[in-house]
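Below is one structure, written out as structure tokens; comments come after it.
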Amino acid sequence: MLISSWETLIIAILVLFVGRLLNTHLAFFRHFNIPEPVTGGFLASLVFTAIFIFTGLSIEFELTMRDNLMLVFFSTIGLSSRFSTLKEGGISLVILMVVASLFLFVQNGIGVTIATLTGVDPLIGVVGGSIALSGGHGTAIAWAPVLAEQFGLLNATEIGAACATFGLILGGLAGGPLAQRLIEKNKLSPSGTEHITIGSRYGEEHELIDAEMMLETVLLFAIAIGAGLHVTVLLQKVGLFLPQYVTCLFTGIILTNVLPYFFKNMKCPSDSSSLALVSDLSLGLFLSMSLMSMQLWTLVDLALPILLILIAQVAVLALFTYWVIFRVLGSDYDAAVMSAGYMGMALGATPNAIANMTAVTKHFGPSGKAFIVVPLIGAFFIDITNAIVIQLFTGWYGG
């Protein structure tokens with residue numbers, strides 16, 4: 001049974017409301033800062049799985065709108081990233097970029113080792129490593145045809161989607177509690193009162209937004225996406241492969257930093273409250289659609305290897321984040337928020353990282369540095385490094 005795009009949107013909105021309702025009335029979800037899309041989306045996927053088990057009815061969703069929302073979200077990240085704020089990230093940006101890049105090798109090493117020990121194709125371990133986890137749905141979907149055509153992994157799409165989806169869940173479940181543990185154990189608190197530039201603004205959930213502001217925002221992210229898609233095509237012609245959302249992020253960065261020089265009276269897009277609203281909506285709907293659409297019954301034969309890979313990935317990443325990431329980033333409040341973001345990023349890609357940090361900062365207070373460093377690392381720098389690492393591992397184990 002195929003659900004159309006608009007029906008999918010309706011269900012996704014309802015899923016978000018359910019997630020908000022659960023988070024409002026159940027202390028567990030509030031206490032551990034579980035993002036609302038994760039709460040509602042996971043519950044929806046369990047419901048659809050139960051329907052399949054008891055009735056045999058397979059519910060599938062038209063996800064074109066989800067993919068477009070992903071582009072919208074990443075373009076808003078780009079539009080919120082000014083070069084002038086990079087210095088605020090400072091050494092933390094460099095440190096996290098280096099450490100996160102090195103962990104890609106660890107992530108794939110874990111996946112390949114467990115895949116080999118369980119007797120399945122080592123490439124499944126790569127898919128369950130940095131392709132689906134650090135890369136997320138976008139990278140998994142982008143690499144699936146290559147793995148199928150060049151290396152014979154015919155169910156790469158299903159494996160990647162399953163791992164990426166479970167990664168979203170696990171990253172959402174683990175990031176908040178880990179940050180809370182770090183904050184409470186070390187008695188940390190915010191050092192400033194700056195706004196969050198991605199997602200809801202801390203303490204300002206009811207900012208005034210008018211039609212003109214929304215039109216300007218829609219125009220800007222539409223230009224960023226249109227230009228980004230053209231850049232993707234041009235890069236492919238010269239043999240360089242980058243996912244569409246990466247180029248949309250990049251064109252967003254260019255727009256927000258270049259336009260103010262040509263239009264002196266123009267308000268910087270990153271200061272727009274309407275941009276924060278669009279970011280919140282696109283993120284929530286993207287995550288809801290991703291989670292509610294997973295078909296848990298499609299990978300029964302690979303359930304044990306995938307489960308073992310994911311368990312090992314979460315355990316190693318949690319230890320690595322707690323003992324390494326938090327400390328090398330300075331052991332302060334910003335480091336704790338970035339740790340939550342890194343958990344989401346390394347298990348479920350940048351949207352999950354933003355969701356984790358938004359949930360944590362809504363509870364404990366703002367962290368401007370975290371919302372500068374993590375999106376730039378997760379949505380831009382890490383994708384470039386990840387592409388190189390993936391090519392290395394597919395070359396080593398795809399023969």
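Chains: A, B, ... in order of the structure tokens. Residues: from 1 per chain. Ligands: from 1, in order shown.
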
What's around Ile390 of chain A at 10 Å? Count only C-alpha atoms, leave out sequence neighbours fewer than 5 positions away in its own chain, and write the answer as a VMD selection string.
chain A and resid 104 to 105 108 126 to 127 129 to 131 143 385 395 to 396

If you count only C-alpha atoms, which residues fall within 9 Å of Ser279 of chain A, apart from same-chain ones fewer than 3 positions away, as a short mmCIF file (atom, residue, chain, number, x, y, z; two decimals) with C-alpha atoms, in the first residue's frame?
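Saved as result_27.cif:
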data_model
loop_
_atom_site.label_atom_id
_atom_site.label_comp_id
_atom_site.auth_asym_id
_atom_site.auth_seq_id
_atom_site.Cartn_x
_atom_site.Cartn_y
_atom_site.Cartn_z
CA VAL A 72 15.79 22.65 2.72
CA PHE A 73 17.25 21.85 6.13
CA PHE A 74 20.85 21.72 4.95
CA SER A 75 20.43 24.94 2.98
CA THR A 76 19.22 26.64 6.19
CA ILE A 77 22.36 25.42 7.95
CA ILE A 198 19.59 26.70 14.03
CA GLY A 199 16.23 25.56 15.32
CA SER A 200 14.17 27.12 18.07
CA SER A 274 11.99 32.89 10.15
CA LEU A 275 15.07 30.90 9.12
CA ALA A 276 15.11 29.25 12.55
CA SER A 282 12.12 20.86 7.94
CA LEU A 283 14.25 19.01 10.48
CA GLY A 284 11.28 17.67 12.42
#

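Separating atom CA of Val146 of chain A from atom CA of Val120 of chain A is a distance of 18.7 Å.
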
With only C-alpha atoms as the counted atoms, please give the residues lying no more than 12 Å from Gly111 of chain A, apart from itself and same-chain residues fewer than 3 positions off, as a tab-separated table (two decimals) with C-alpha atoms, in the first residue's frame.
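The resulting file, selection34.tsv, is reproduced below:
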chain	number	residue	atom	x	y	z
A	104	LEU	CA	35.53	7.21	10.56
A	105	PHE	CA	38.28	4.59	10.27
A	106	VAL	CA	37.34	3.20	13.68
A	107	GLN	CA	33.67	3.11	12.73
A	108	ASN	CA	34.29	1.17	9.52
A	114	ILE	CA	31.80	-7.84	13.10
A	115	ALA	CA	30.56	-8.53	9.56
A	116	THR	CA	33.52	-10.84	8.98
A	117	LEU	CA	33.03	-12.61	12.33
A	118	THR	CA	29.34	-13.22	11.57
A	120	VAL	CA	28.52	-11.82	5.96
A	121	ASP	CA	29.99	-9.57	3.29
A	122	PRO	CA	32.49	-7.13	4.87
A	123	LEU	CA	30.93	-4.36	2.79
A	124	ILE	CA	27.83	-4.71	4.95
A	125	GLY	CA	30.09	-3.58	7.79
A	126	VAL	CA	31.11	-0.51	5.79
A	127	VAL	CA	27.45	0.27	5.13
A	128	GLY	CA	26.82	-0.20	8.86
A	129	GLY	CA	29.83	2.01	9.52
A	130	SER	CA	30.48	5.48	8.22
A	131	ILE	CA	28.22	5.20	5.14
A	132	ALA	CA	24.93	4.93	7.02
A	133	LEU	CA	25.91	6.26	10.44
A	163	CYS	CA	21.24	1.17	9.59
A	305	PRO	CA	24.79	-9.06	12.13
A	306	ILE	CA	23.24	-5.60	11.81
A	307	LEU	CA	22.16	-5.63	15.46
A	308	LEU	CA	25.64	-6.62	16.62
A	309	ILE	CA	27.23	-3.95	14.44
A	310	LEU	CA	24.93	-1.24	15.77
A	311	ILE	CA	25.36	-2.30	19.41
A	312	ALA	CA	29.14	-2.25	19.04
A	313	GLN	CA	29.06	1.11	17.25
A	314	VAL	CA	26.96	2.72	19.98
A	316	VAL	CA	32.41	2.32	21.31
A	393	PHE	CA	37.32	0.67	2.48
A	397	TYR	CA	37.04	-5.13	0.90

For Ile377 of chain A, please output as a PyMOL selection string all residues within 12 Å (counting only C-alpha atoms; exclusion window: fewer than 6 positions along the same chain).
chain A and resi 77-78+81+86+89+92-101+134-135+246+249+338+341-342+345-346+349-350+353-354+370-371+383-386

So that I have them on file, write out the residues from the current selection with N, CA and C atoms, as a compact mmCIF listing (two decimals), in the first residue's frame.
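That gives us part.txt:
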# COMPACT_ATOMS: atom_id res chain seq x y z
N ILE A 77 21.10 25.47 7.19
CA ILE A 77 22.36 25.42 7.95
C ILE A 77 23.39 26.30 7.28
N GLY A 78 23.49 26.18 5.95
CA GLY A 78 24.43 27.01 5.21
C GLY A 78 24.12 28.49 5.36
N SER A 81 25.42 30.10 8.54
CA SER A 81 26.85 29.96 8.83
C SER A 81 27.63 31.11 8.21
N LEU A 86 33.17 31.76 12.26
CA LEU A 86 34.07 30.60 12.31
C LEU A 86 35.13 30.78 13.39
N GLY A 89 34.22 29.40 16.65
CA GLY A 89 34.45 27.97 16.80
C GLY A 89 35.88 27.70 17.19
N SER A 92 38.24 24.55 18.59
CA SER A 92 37.29 23.44 18.71
C SER A 92 36.89 22.91 17.34
N LEU A 93 36.75 23.81 16.37
CA LEU A 93 36.39 23.39 15.02
C LEU A 93 37.46 22.50 14.43
N VAL A 94 38.70 22.88 14.59
CA VAL A 94 39.81 22.09 14.05
C VAL A 94 39.94 20.76 14.76
N ILE A 95 39.85 20.79 16.10
CA ILE A 95 40.00 19.57 16.88
C ILE A 95 38.92 18.56 16.53
N LEU A 96 37.67 19.01 16.51
CA LEU A 96 36.58 18.08 16.22
C LEU A 96 36.67 17.55 14.80
N MET A 97 37.09 18.39 13.86
CA MET A 97 37.23 17.94 12.48
C MET A 97 38.26 16.82 12.38
N VAL A 98 39.39 16.97 13.04
CA VAL A 98 40.45 15.95 12.98
C VAL A 98 40.02 14.67 13.68
N VAL A 99 39.49 14.81 14.90
CA VAL A 99 39.12 13.63 15.68
C VAL A 99 37.95 12.89 15.03
N ALA A 100 36.95 13.62 14.53
CA ALA A 100 35.82 12.98 13.88
C ALA A 100 36.24 12.27 12.60
N SER A 101 37.19 12.84 11.86
CA SER A 101 37.68 12.21 10.64
C SER A 101 38.41 10.91 10.95
N SER A 134 27.69 7.88 10.09
CA SER A 134 28.19 9.25 9.96
C SER A 134 27.62 9.94 8.73
N GLY A 135 27.30 9.16 7.70
CA GLY A 135 26.76 9.73 6.47
C GLY A 135 25.26 9.95 6.50
N VAL A 246 25.14 18.35 0.45
CA VAL A 246 26.42 19.01 0.75
C VAL A 246 26.58 20.27 -0.09
N LEU A 249 24.25 22.98 1.14
CA LEU A 249 24.83 23.60 2.32
C LEU A 249 25.89 24.61 1.92
N MET A 338 28.34 19.88 22.47
CA MET A 338 28.94 19.34 21.25
C MET A 338 29.06 17.82 21.31
N GLY A 341 25.82 16.53 20.25
CA GLY A 341 25.74 16.68 18.81
C GLY A 341 26.58 15.65 18.08
N TYR A 342 27.77 15.40 18.61
CA TYR A 342 28.64 14.42 17.95
C TYR A 342 28.04 13.02 17.99
N MET A 345 25.55 13.04 15.31
CA MET A 345 26.20 13.12 14.01
C MET A 345 26.83 11.79 13.60
N ALA A 346 27.52 11.15 14.53
CA ALA A 346 28.24 9.93 14.20
C ALA A 346 27.32 8.71 14.10
N ALA A 349 23.81 11.30 11.43
CA ALA A 349 24.05 12.44 10.57
C ALA A 349 23.67 13.76 11.24
N THR A 350 23.92 14.85 10.56
CA THR A 350 23.81 16.18 11.15
C THR A 350 22.42 16.55 11.65
N ALA A 353 22.13 15.42 15.05
CA ALA A 353 23.01 16.18 15.92
C ALA A 353 22.35 17.49 16.34
N ILE A 354 21.73 18.16 15.38
CA ILE A 354 21.05 19.42 15.68
C ILE A 354 19.88 19.18 16.62
N ALA A 370 28.52 25.48 19.94
CA ALA A 370 28.12 24.15 19.49
C ALA A 370 27.37 24.21 18.18
N PHE A 371 26.51 25.23 18.03
CA PHE A 371 25.71 25.35 16.82
C PHE A 371 26.48 25.95 15.66
N ASP A 383 31.66 15.07 5.45
CA ASP A 383 31.20 14.38 4.24
C ASP A 383 32.32 14.25 3.22
N ILE A 384 33.16 15.24 3.14
CA ILE A 384 34.29 15.16 2.22
C ILE A 384 35.26 14.07 2.68
N THR A 385 35.59 14.08 3.97
CA THR A 385 36.49 13.06 4.52
C THR A 385 35.87 11.67 4.41
N ASN A 386 34.58 11.60 4.68
CA ASN A 386 33.89 10.31 4.64
C ASN A 386 33.92 9.71 3.24

Quick one: residues within 12 Å of Ala318 of chain A, only C-alpha atoms counted, chain neighbours fewer than 6 positions away excluded, as a ChimeraX atom specification?
/A:170-171,173-179,181-182,311-312,324-326,339-344,346-347

Atom pair atom CA of Lys237 of chain A / atom CA of Ala164 of chain A: separation (Å):
28.3 Å

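Using only C-alpha atoms, the residues found no farther than 6 Å from Cys248 of chain A, other than those of its own chain fewer than 5 positions away, are A:Ser75, A:Ala224, A:Ile225, A:Gly228.
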
For the structure I just gave you, how does DSSP split segment 131-247 of chain A - specifically, which residues are alpha helix (DSSP H)? Reply as a ChimeraX atom specification.
/A:136-151,156-185,211-237,244-247

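Residue nearest Ala12 of chain A, chosen from A:Ile51, A:Ala227, A:Val112, A:Leu43 and counting only C-alpha atoms: A:Leu43.
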
Go through A:Met214, A:Met70, A:Met292, A:Leu329 and flag the residue nearest Leu277 of chain A, using only C-alpha atoms for the distances.
A:Met214

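Distance-wise, atom CA of Tyr261 of chain A and atom CA of Phe221 of chain A end up 18.4 Å apart.
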
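When only C-alpha atoms are used to measure the gap to Ser272 of chain A, the shortest distance among A:Leu153, A:Ser45, A:Val218, A:Asn23 belongs to A:Val218.
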